[in-house]
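Raw contents of structure.txt, compact mmCIF, C-alpha atoms:
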# COMPACT_ATOMS: atom_id res chain seq x y z
CA MET A 456 162.20 -86.81 -36.92
CA GLU A 457 159.72 -88.78 -38.99
CA PHE A 458 156.03 -89.28 -38.27
CA THR A 459 153.73 -91.33 -40.45
CA SER A 460 149.97 -91.52 -40.31
CA GLY A 461 147.91 -93.60 -42.68
CA SER A 462 144.27 -93.40 -43.72
CA PRO A 463 142.13 -95.04 -46.41
CA LEU A 464 140.96 -92.96 -49.38
CA GLY A 465 137.80 -94.93 -50.01
CA THR A 466 139.08 -97.80 -52.15
CA ALA A 467 140.49 -101.16 -51.17
CA ASP A 468 143.91 -100.62 -52.76
CA THR A 469 144.46 -96.88 -52.21
CA THR A 470 145.90 -95.43 -49.01
CA PHE A 471 147.32 -92.08 -47.96
CA GLU A 472 150.26 -91.58 -45.62
CA LEU A 473 151.44 -88.27 -44.21
CA VAL A 474 155.14 -88.19 -43.35
CA HIS A 475 156.63 -85.45 -41.18
CA ALA A 476 160.07 -85.67 -42.74
CA ALA A 477 162.13 -82.90 -41.11
CA GLU A 478 162.11 -79.82 -38.89
CA ALA A 479 164.70 -77.09 -38.22
CA ASP A 480 165.28 -73.48 -37.20
CA PHE A 481 164.71 -71.01 -40.02
CA PRO A 482 165.71 -67.35 -39.55
CA THR A 483 164.43 -65.04 -42.31
CA GLU A 484 164.34 -61.31 -43.02
CA TYR A 485 160.71 -61.40 -41.80
CA GLY A 486 161.50 -63.07 -38.49
CA HIS A 487 162.46 -66.38 -36.91
CA PHE A 488 160.44 -69.41 -38.03
CA ARG A 489 160.61 -73.16 -37.70
CA ILE A 490 160.65 -74.92 -41.07
CA LEU A 491 158.93 -78.29 -41.38
CA GLY A 492 158.92 -80.70 -44.31
CA TYR A 493 155.98 -83.00 -45.09
CA GLU A 494 155.30 -85.66 -47.69
CA GLY A 495 151.90 -86.96 -48.68
CA ARG A 496 152.25 -90.46 -50.10
CA THR A 497 149.29 -91.87 -52.01
CA ARG A 498 149.67 -95.59 -52.71
CA THR A 499 147.54 -97.27 -55.35
CA GLY A 500 148.57 -100.88 -55.71
CA ASP A 501 152.34 -100.83 -56.25
CA ALA A 502 152.42 -97.20 -57.42
CA VAL A 503 153.31 -94.37 -55.03
CA ASP A 504 152.59 -90.72 -55.78
CA VAL A 505 154.48 -88.28 -53.52
CA GLU A 506 153.43 -84.67 -52.94
CA GLU A 507 155.61 -82.35 -50.88
CA ALA A 508 154.85 -79.33 -48.72
CA VAL A 509 156.92 -76.99 -46.58
CA VAL A 510 155.57 -75.26 -43.48
CA LEU A 511 156.98 -72.07 -41.96
CA ARG A 512 155.65 -71.86 -38.40
CA MET A 513 156.06 -68.95 -36.01
CA GLY A 514 155.01 -68.96 -32.37
CA GLU A 515 152.43 -71.10 -30.59
CA VAL A 516 149.76 -72.04 -33.13
CA THR A 517 147.71 -74.67 -31.28
CA LYS A 518 146.60 -72.60 -28.29
CA GLY A 519 144.60 -69.39 -28.06
CA SER A 520 142.79 -67.79 -30.99
CA PRO A 521 142.96 -69.35 -34.49
CA PRO A 522 146.36 -68.61 -36.06
CA LEU A 523 146.93 -66.90 -39.38
CA LEU A 524 147.41 -69.36 -42.24
CA ARG A 525 148.53 -68.85 -45.81
CA ILE A 526 148.35 -71.83 -48.18
CA HIS A 527 150.66 -70.80 -50.99
CA SER A 528 151.09 -72.72 -54.23
CA GLN A 529 154.57 -72.75 -55.75
CA CYS A 530 155.15 -70.11 -58.42
CA LEU A 531 158.71 -70.22 -59.73
CA THR A 532 158.19 -67.27 -62.05
CA GLY A 533 156.70 -65.07 -59.35
CA ASP A 534 158.31 -66.27 -56.13
CA VAL A 535 161.85 -66.59 -57.55
CA PHE A 536 162.00 -64.35 -60.63
CA HIS A 537 159.63 -61.60 -59.33
CA SER A 538 157.24 -61.87 -62.28
CA LEU A 539 154.63 -59.12 -62.53
CA ARG A 540 152.30 -61.27 -64.62
CA CYS A 541 150.79 -62.58 -61.37
CA ASP A 542 150.39 -61.57 -57.72
CA CYS A 543 151.96 -64.71 -56.24
CA ARG A 544 155.17 -63.27 -54.81
CA ALA A 545 153.31 -60.22 -53.50
CA GLN A 546 150.84 -62.48 -51.67
CA LEU A 547 153.66 -64.59 -50.21
CA GLU A 548 155.40 -61.47 -48.90
CA ILE A 549 152.13 -60.12 -47.47
CA ALA A 550 151.59 -63.42 -45.65
CA LEU A 551 155.10 -63.51 -44.19
CA ARG A 552 154.79 -59.92 -42.99
CA GLU A 553 151.35 -60.52 -41.47
CA VAL A 554 152.46 -63.65 -39.63
CA ALA A 555 155.57 -61.87 -38.35
CA ALA A 556 153.50 -58.87 -37.19
CA ALA A 557 151.11 -61.19 -35.33
CA GLY A 558 154.02 -63.13 -33.83
CA ARG A 559 152.34 -66.45 -34.66
CA GLY A 560 151.01 -68.24 -37.69
CA ILE A 561 151.77 -70.56 -40.57
CA VAL A 562 152.78 -70.26 -44.20
CA LEU A 563 152.24 -73.60 -45.93
CA TYR A 564 154.01 -73.81 -49.29
CA GLU A 565 152.99 -76.64 -51.59
CA HIS A 566 154.33 -77.72 -54.96
CA GLN A 567 151.40 -77.08 -57.30
CA GLU A 568 152.99 -74.92 -59.97
CA GLY A 569 150.68 -73.14 -62.40
CA ARG A 570 147.49 -74.02 -60.46
CA GLY A 571 148.54 -77.65 -60.73
CA ILE A 572 149.45 -77.91 -64.43
CA GLY A 573 153.23 -77.84 -63.95
CA LEU A 574 155.97 -75.43 -64.98
CA MET A 575 156.31 -76.24 -68.70
CA ASN A 576 152.56 -76.15 -69.24
CA LYS A 577 152.45 -72.88 -67.33
CA LEU A 578 154.96 -71.41 -69.80
CA ARG A 579 152.86 -72.75 -72.68
CA ALA A 580 149.90 -70.98 -71.08
CA TYR A 581 151.95 -67.76 -70.97
CA GLU A 582 152.49 -68.11 -74.72
CA LEU A 583 148.74 -68.43 -75.30
CA GLN A 584 148.11 -65.45 -73.03
CA ASP A 585 150.54 -63.37 -75.11
CA ALA A 586 148.30 -64.22 -78.09
CA GLY A 587 145.19 -62.91 -76.30
CA ALA A 588 143.87 -65.71 -74.06
CA ASP A 589 143.24 -65.11 -70.37
CA THR A 590 144.58 -67.54 -67.75
CA VAL A 591 141.44 -69.67 -67.69
CA GLU A 592 141.18 -69.86 -71.49
CA ALA A 593 144.87 -70.72 -71.80
CA ASN A 594 144.58 -73.65 -69.39
CA GLU A 595 141.48 -74.92 -71.16
CA ARG A 596 143.15 -74.74 -74.60
CA LEU A 597 145.94 -76.90 -73.19
CA GLY A 598 143.34 -79.46 -72.10
CA PHE A 599 143.21 -78.61 -68.39
CA GLU A 600 140.61 -77.23 -66.04
CA SER A 601 141.13 -73.65 -64.89
CA ASP A 602 142.49 -74.88 -61.54
CA LEU A 603 143.72 -78.42 -60.84
CA ARG A 604 144.94 -77.82 -57.31
CA SER A 605 143.99 -80.05 -54.40
CA TYR A 606 144.21 -78.94 -50.79
CA SER A 607 144.05 -82.40 -49.19
CA LEU A 608 147.73 -82.34 -48.22
CA PRO A 609 147.52 -78.94 -46.43
CA ALA A 610 144.46 -80.17 -44.55
CA ALA A 611 146.27 -83.34 -43.49
CA VAL A 612 149.25 -81.29 -42.31
CA LEU A 613 147.02 -79.00 -40.25
CA HIS A 614 145.33 -81.99 -38.61
CA HIS A 615 148.73 -83.48 -37.81
CA MET A 616 149.80 -80.18 -36.23
CA GLY A 617 146.68 -80.19 -34.05
CA ILE A 618 145.12 -77.12 -35.68
CA THR A 619 141.33 -77.14 -35.92
CA ALA A 620 140.61 -73.49 -36.82
CA VAL A 621 142.48 -70.79 -38.75
CA ARG A 622 142.34 -67.23 -39.99
CA LEU A 623 142.97 -67.83 -43.68
CA LEU A 624 145.03 -65.31 -45.67
CA SER A 625 143.40 -65.74 -49.07
CA ASN A 626 141.14 -64.20 -51.69
CA ASN A 627 140.13 -67.64 -52.98
CA PRO A 628 136.80 -69.01 -51.70
CA ALA A 629 137.76 -72.49 -52.98
CA LYS A 630 140.47 -72.67 -50.31
CA VAL A 631 137.93 -71.75 -47.63
CA GLN A 632 135.56 -74.46 -48.82
CA ALA A 633 138.32 -77.08 -49.10
CA LEU A 634 139.46 -76.50 -45.52
CA GLU A 635 135.91 -76.49 -44.17
CA ASN A 636 135.18 -79.73 -46.02
CA ALA A 637 138.27 -81.27 -44.41
CA GLY A 638 137.15 -80.33 -40.91
CA ILE A 639 139.29 -77.20 -40.47
CA ARG A 640 137.14 -74.25 -39.40
CA VAL A 641 137.91 -70.97 -41.16
CA ALA A 642 137.18 -68.46 -38.41
CA GLU A 643 138.00 -65.55 -40.71
CA ARG A 644 139.07 -65.01 -44.30
CA VAL A 645 141.75 -62.32 -44.25
CA PRO A 646 142.17 -60.55 -47.63
CA CYS A 647 145.61 -60.89 -49.22
CA ILE A 648 145.56 -58.17 -51.87
CA ALA A 649 148.62 -57.17 -53.89
CA GLU A 650 149.46 -53.70 -55.11
CA ASP A 651 147.71 -52.65 -58.31
CA VAL A 652 150.17 -53.17 -61.18
CA VAL A 653 149.17 -52.64 -64.82
CA SER A 654 150.86 -55.85 -66.02
CA ARG A 655 148.65 -58.06 -63.84
CA ARG A 656 145.30 -56.29 -64.09
CA VAL A 657 143.88 -58.73 -66.67
CA TYR A 658 145.16 -61.65 -64.58
CA LEU A 659 143.43 -60.33 -61.46
CA ALA A 660 140.25 -59.47 -63.36
CA THR A 661 140.09 -63.09 -64.60
CA LYS A 662 140.53 -64.35 -61.04
CA ARG A 663 137.64 -62.17 -59.92
CA GLU A 664 135.25 -62.64 -62.83
CA LYS A 665 135.85 -66.28 -63.80
CA MET A 666 137.18 -67.90 -60.62
CA GLY A 667 135.23 -66.01 -57.99
CA HIS A 668 138.20 -64.57 -56.09
CA LEU A 669 137.26 -61.86 -53.63
CA PHE A 670 139.13 -58.54 -53.67
CA ASP A 671 137.45 -56.62 -50.87
Would you encode the structure as structure tokens?
Amino acid sequence: MEFTSGSPLGTADTTFELVHAAEADFPTEYGHFRILGYEGRTRTGDAVDVEEAVVLRMGEVTKGSPPLLRIHSQCLTGDVFHSLRCDCRAQLEIALREVAAAGRGIVLYEHQEGRGIGLMNKLRAYELQDAGADTVEANERLGFESDLRSYSLPAAVLHHMGITAVRLLSNNPAKVQALENAGIRVAERVPCIAEDVVSRRVYLATKREKMGHLFD
């Protein structure tokens, strides 16, 4: 199944297309989901930039109260290798459990490794952190902003799915603002707080003090 929708991005030669590329059953240890694949294709002249996202959907999400939503950025080191430098895998597991407990909701997984700087640069940032930099300082020393992520693709996916309001599983106010700006109402921000582990305390403190994340 493939669905394409196009919309201008504000310039004469730049357009955005959302492609619903695939959908299938997806049983997991947390429960039974549907898995959906999306591509966001930004065309500027002859160049095409493709961003991918995967959606795990459980239950009816377009009717009734706003469904739970987790927008999760890819973290190979945490999600796959169980790194304790960050709280990424813990947050992903919390989201999957919460959606399963509610019987309905969405986990949207997008490929924005290392807050958008990519895997190799993320490892370079680790090296700088080992020498004393925090996560924000490390990114800046590599020539990046503290967070390069964009949430335009998740917003486009939600619009395509017919979702206009959500209960957002996040500690990041930037995600709330991004969804609101895109016309998705955040009916509630649901905290997504990982267990306190010594190896990630500095990481979490930097999120709170320099990036405004809320740990209530």
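If only C-alpha atoms are the atoms counted, then among A:Leu603, A:Cys647, A:Met666, A:Val641 the closest residue to Ala545 of chain A is A:Cys647.
Comparing A:Val657, A:Val516, A:Ala649, A:Ile526 by their smallest distance to Ala629 of chain A, the closest is A:Ile526 (using all atoms listed in the file).
Proximity to Glu507 of chain A was assessed for A:Gly558, A:Pro609, A:Gly638, A:Gly519 counting all atoms listed in the file; the smallest distance is recorded for A:Pro609.
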One decimal, in Å: what's the spacing between atom CA of Val591 of chain A and atom CA of Tyr606 of chain A? 19.5 Å
Between A:Leu524, A:Leu608, A:Cys543, A:Leu574, which has the minimum distance to Val562 of chain A (counting only C-alpha atoms)?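 Closest to Val562 of chain A, using only C-alpha atoms: A:Leu524.
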Computed interatomic separation between atom CA of Ala557 of chain A and atom CA of Met616 of chain A (Å):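 Those two atoms sit 19.1 Å apart.
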Computed interatomic separation between atom CA of Gly514 of chain A and atom CA of Ala555 of chain A (Å): 9.3 Å
Go through A:Glu515, A:Arg498, A:Val612, A:Ala593 one by one, measure the shortest atom-to-atom distance of each to His475 of chain A using all atoms listed in the file, and give the residue with the smallest value. A:Val612
Using only C-alpha atoms, which of A:Leu539, A:Met575, A:Leu473, A:Ala620 sits nearest Arg655 of chain A? A:Leu539
Give me the residues near Val509 of chain A as an MDAnalysis selection string, where near means some atom within 9 Å (using all atoms listed in the file) and where sequence neighbours in that chain fewer than 3 positions away do not count. chainID A and resid 490:494 562:566
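Within the 12 Å cut-off around Val652 of chain A, using all atoms listed in the file and omitting residues fewer than 6 positions from it on the same chain, the listed residues are Ser538, Leu539, Arg540, Cys541, Asp542, Ala545, Tyr658, Leu659 and Ala660 of chain A.
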What's around Val631 of chain A at 10 Å? Count only C-alpha atoms, leave out sequence neighbours fewer than 6 positions away in its own chain, and write the answer as number ranges by chain. A: 622-625, 639-644
Pick out the residues sitting within 10 Å of segment 586-590 of chain A, and hand them over as a PyMOL selection string; count only C-alpha atoms, and ignore anything fewer than 5 positions along from it in its own chain. chain A and resi 569+577+580-581+595-596+601-602+657-662+665
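By only C-alpha atoms, and with residues fewer than 3 positions from Arg559 of chain A along its chain excluded, the set lying at most 12 Å from it is Gly486, His487, Phe488, Arg489, Leu511, Arg512, Met513, Gly514, Glu515, Val516, Thr517, Lys518, Gly519, Ser520, Pro521, Pro522, Leu523, Leu524, Ala550, Leu551, Arg552, Glu553, Val554, Ala555, Ala556, Val562, Val621 and Arg622 of chain A.
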As AutoDock Vina command-line options: centre and edge lengths in Å, one decimal, of the axis-aligned box holding segment 560-573 of chain A with 3 Å per side:
--center_x 150.9 --center_y -73.1 --center_z -51.1 --size_x 12.8 --size_y 15.7 --size_z 32.7
